[in-house]
Every structure is written in C-alpha cells, then in structure tokens.
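Comments concern the structure below.
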Amino acid sequence: MNKEKTKKIATFVCSPESCPVTYATSIIGGRWKPIIIYLISEGICRFGDMQRSMPLITKTMLTQELRDLERNGIIHRQVFAEIPPRVEYSLTDWGKKTLPVLQAMAVWGNEFRAKQ
C-alpha cells in the first residue's frame, strides 16, 4: 500500500458528521426502520397494522422507531380528533426519497440470498 493511501485510511473517521453513508444509516438504518418505511409506503399506516405486520417488534420499540423517523422528517404523524383517537403515518417527501434506496437493497438482498 502506498504512503498516501495509508495516510488517508489512518485519518478517515467514519462518523455521521464525516461520512454520508454513516449519516444515512443513522437516520433510516437498523433492524426496523427500513421495514416501517416500506410498510407505510405500501399503505399500512396505523400502529396496530404495523405491529401485526412485524410480530417480533415490541410496542415500545415500534413507538420509539416511529418517533425517531418523525423527528428526522421521514414520516408524518397525523392525529384525527375522533373517539377513540386515530393516528395515521405517511411518508414525507424525504421519506419517499428513501424508497429507491430500500428497493435497491431489496434487489441486492434477493440476489445475495439466491447465491447462498
């Protein structure tokens, strides 16, 4: 390895501030967020429906992930003033921009799984 390349590797810090991939995965990565984004894009927009679609997620974790995605501007939470109250989630424009990324990951995952 040449000296210049070694120096670049030694000085590179993979943090959300310096690496766009690390930053993106901090927003939409993890075990549940990509699935939540996908479900909302497919029209599953209520908490109970999401939980039924992901039987391994706890209510606490689903709530936390939804709040995180909302705080980061990926999803929008709308509360309807009804009895009982109804809450629906939708993708924001930024959330819709994640779909090609997630679709590419799905293609890659299917291809990788098929080669196993």
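Residues in the structure tokens are named by chain (A, B, ... in the order shown) and by number from 1 within that chain; ligands are numbered from 1 in the order shown.
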Backbone-only DSSP, strand (DSSP E) members of chain A, as a PDB file with C-alpha atoms, in the first residue's frame:
```pdb
ATOM      1  CA  ILE A  75     -42.621  10.241   8.270  1.00  0.00           C
ATOM      2  CA  HIS A  76     -45.545  12.454   9.205  1.00  0.00           C
ATOM      3  CA  ARG A  77     -47.857  11.604  12.107  1.00  0.00           C
ATOM      4  CA  GLN A  78     -51.450  12.765  11.828  1.00  0.00           C
ATOM      5  CA  VAL A  79     -53.824  12.557  14.781  1.00  0.00           C
ATOM      6  CA  PHE A  80     -57.530  12.567  13.986  1.00  0.00           C
ATOM      7  CA  ARG A  86     -56.953   7.620  15.363  1.00  0.00           C
ATOM      8  CA  VAL A  87     -53.325   8.136  14.306  1.00  0.00           C
ATOM      9  CA  GLU A  88     -52.013   7.567  10.795  1.00  0.00           C
ATOM     10  CA  TYR A  89     -48.488   7.795   9.426  1.00  0.00           C
ATOM     11  CA  SER A  90     -47.397   8.824   5.956  1.00  0.00           C
ATOM     12  CA  LEU A  91     -44.087   9.363   4.225  1.00  0.00           C
TER      13      LEU A  91
END
```
Helix (DSSP H, G or I) call set, DSSP backbone run, stretch 47-103 of chain A, as JSON, numbers by chain: {"A": [47, 48, 49, 50, 51, 52, 53, 59, 60, 61, 62, 63, 64, 65, 66, 67, 68, 69, 70, 71, 93, 94, 95, 96, 99, 100, 101, 102, 103]}
Among listed residues A:Arg52, A:Arg71, A:Arg113, A:Arg46, nearest A:Gly95 (using only C-alpha atoms):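 Using only C-alpha atoms, A:Gly95 sits closest to A:Arg71.
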Which residue is closest to A:Lys97? Choose from A:Cys19, A:Trp32, A:Pro55, A:Tyr38 and count only C-alpha atoms.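 When distances to A:Lys97 are compared using only C-alpha atoms, the smallest one comes from A:Tyr38.
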Close residues, A:Ala106 itself excluded, 12 Å, only C-alpha atoms, min 5 positions apart in chain, as an NGL selection string: :A and (34-35 or 38 or 99-101 or 111-113)
Saved selection, atoms kept: N, CA and C atoms, as a PDB file, in the first residue's frame:
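Below is the file that was written, again_12.pdb:
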```pdb
ATOM      1  N   PRO A  34     -36.203   0.445   8.119  1.00  0.00           N
ATOM      2  CA  PRO A  34     -36.497   0.197   6.700  1.00  0.00           C
ATOM      3  C   PRO A  34     -37.831  -0.530   6.496  1.00  0.00           C
ATOM      4  N   ILE A  35     -38.152  -1.439   7.388  1.00  0.00           N
ATOM      5  CA  ILE A  35     -39.418  -2.175   7.281  1.00  0.00           C
ATOM      6  C   ILE A  35     -40.588  -1.231   7.523  1.00  0.00           C
ATOM      7  N   TYR A  38     -41.092   0.906   4.492  1.00  0.00           N
ATOM      8  CA  TYR A  38     -41.699   0.106   3.432  1.00  0.00           C
ATOM      9  C   TYR A  38     -43.193  -0.099   3.699  1.00  0.00           C
ATOM     10  N   LEU A  99     -37.191   5.413  -0.770  1.00  0.00           N
ATOM     11  CA  LEU A  99     -37.731   4.210  -1.411  1.00  0.00           C
ATOM     12  C   LEU A  99     -36.804   3.610  -2.465  1.00  0.00           C
ATOM     13  N   PRO A 100     -36.188   4.408  -3.363  1.00  0.00           N
ATOM     14  CA  PRO A 100     -35.250   3.786  -4.318  1.00  0.00           C
ATOM     15  C   PRO A 100     -34.073   3.103  -3.615  1.00  0.00           C
ATOM     16  N   VAL A 101     -33.616   3.673  -2.517  1.00  0.00           N
ATOM     17  CA  VAL A 101     -32.521   3.074  -1.754  1.00  0.00           C
ATOM     18  C   VAL A 101     -32.965   1.728  -1.188  1.00  0.00           C
ATOM     19  N   GLU A 111     -30.688 -11.157  -4.513  1.00  0.00           N
ATOM     20  CA  GLU A 111     -29.597 -11.736  -5.298  1.00  0.00           C
ATOM     21  C   GLU A 111     -28.568 -12.425  -4.388  1.00  0.00           C
ATOM     22  N   PHE A 112     -28.227 -11.795  -3.283  1.00  0.00           N
ATOM     23  CA  PHE A 112     -27.257 -12.361  -2.371  1.00  0.00           C
ATOM     24  C   PHE A 112     -27.781 -13.652  -1.745  1.00  0.00           C
ATOM     25  N   ARG A 113     -29.049 -13.632  -1.336  1.00  0.00           N
ATOM     26  CA  ARG A 113     -29.660 -14.823  -0.740  1.00  0.00           C
ATOM     27  C   ARG A 113     -29.692 -15.975  -1.750  1.00  0.00           C
TER      28      ARG A 113
END
```
Point-to-point distance in Å for atom CA of A:Gly30 and atom CA of A:Ser15: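 Interatomic distance here is 15.9 Å.
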Pick out the residues sitting within 8 Å of A:Leu69, and hand them over as a PDB file with N, CA and C atoms, in the first residue's frame; count only C-alpha atoms, and ignore anything fewer than 6 positions along from it in its own chain.
```pdb
ATOM      1  N   ILE A  27     -30.097   7.582  10.193  1.00  0.00           N
ATOM      2  CA  ILE A  27     -31.464   8.084  10.040  1.00  0.00           C
ATOM      3  C   ILE A  27     -32.439   6.972   9.670  1.00  0.00           C
ATOM      4  N   ILE A  28     -32.083   6.131   8.692  1.00  0.00           N
ATOM      5  CA  ILE A  28     -33.040   5.136   8.180  1.00  0.00           C
ATOM      6  C   ILE A  28     -32.571   3.700   8.354  1.00  0.00           C
ATOM      7  N   LYS A  33     -36.460   0.255  11.052  1.00  0.00           N
ATOM      8  CA  LYS A  33     -36.827   1.459  10.290  1.00  0.00           C
ATOM      9  C   LYS A  33     -37.064   1.206   8.805  1.00  0.00           C
ATOM     10  N   ILE A  75     -41.184  10.518   8.263  1.00  0.00           N
ATOM     11  CA  ILE A  75     -42.621  10.241   8.270  1.00  0.00           C
ATOM     12  C   ILE A  75     -43.367  11.398   8.914  1.00  0.00           C
TER      13      ILE A  75
END
```
In Å to one decimal, how far is atom CA of A:Pro85 from atom CA of A:Thr63?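 Between these atoms lies a distance of 16.1 Å.
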Distance in Å - atom CA of A:Leu62 versus atom CA of A:Phe47: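 Separation of atom CA of A:Leu62 and atom CA of A:Phe47: 8.1 Å.
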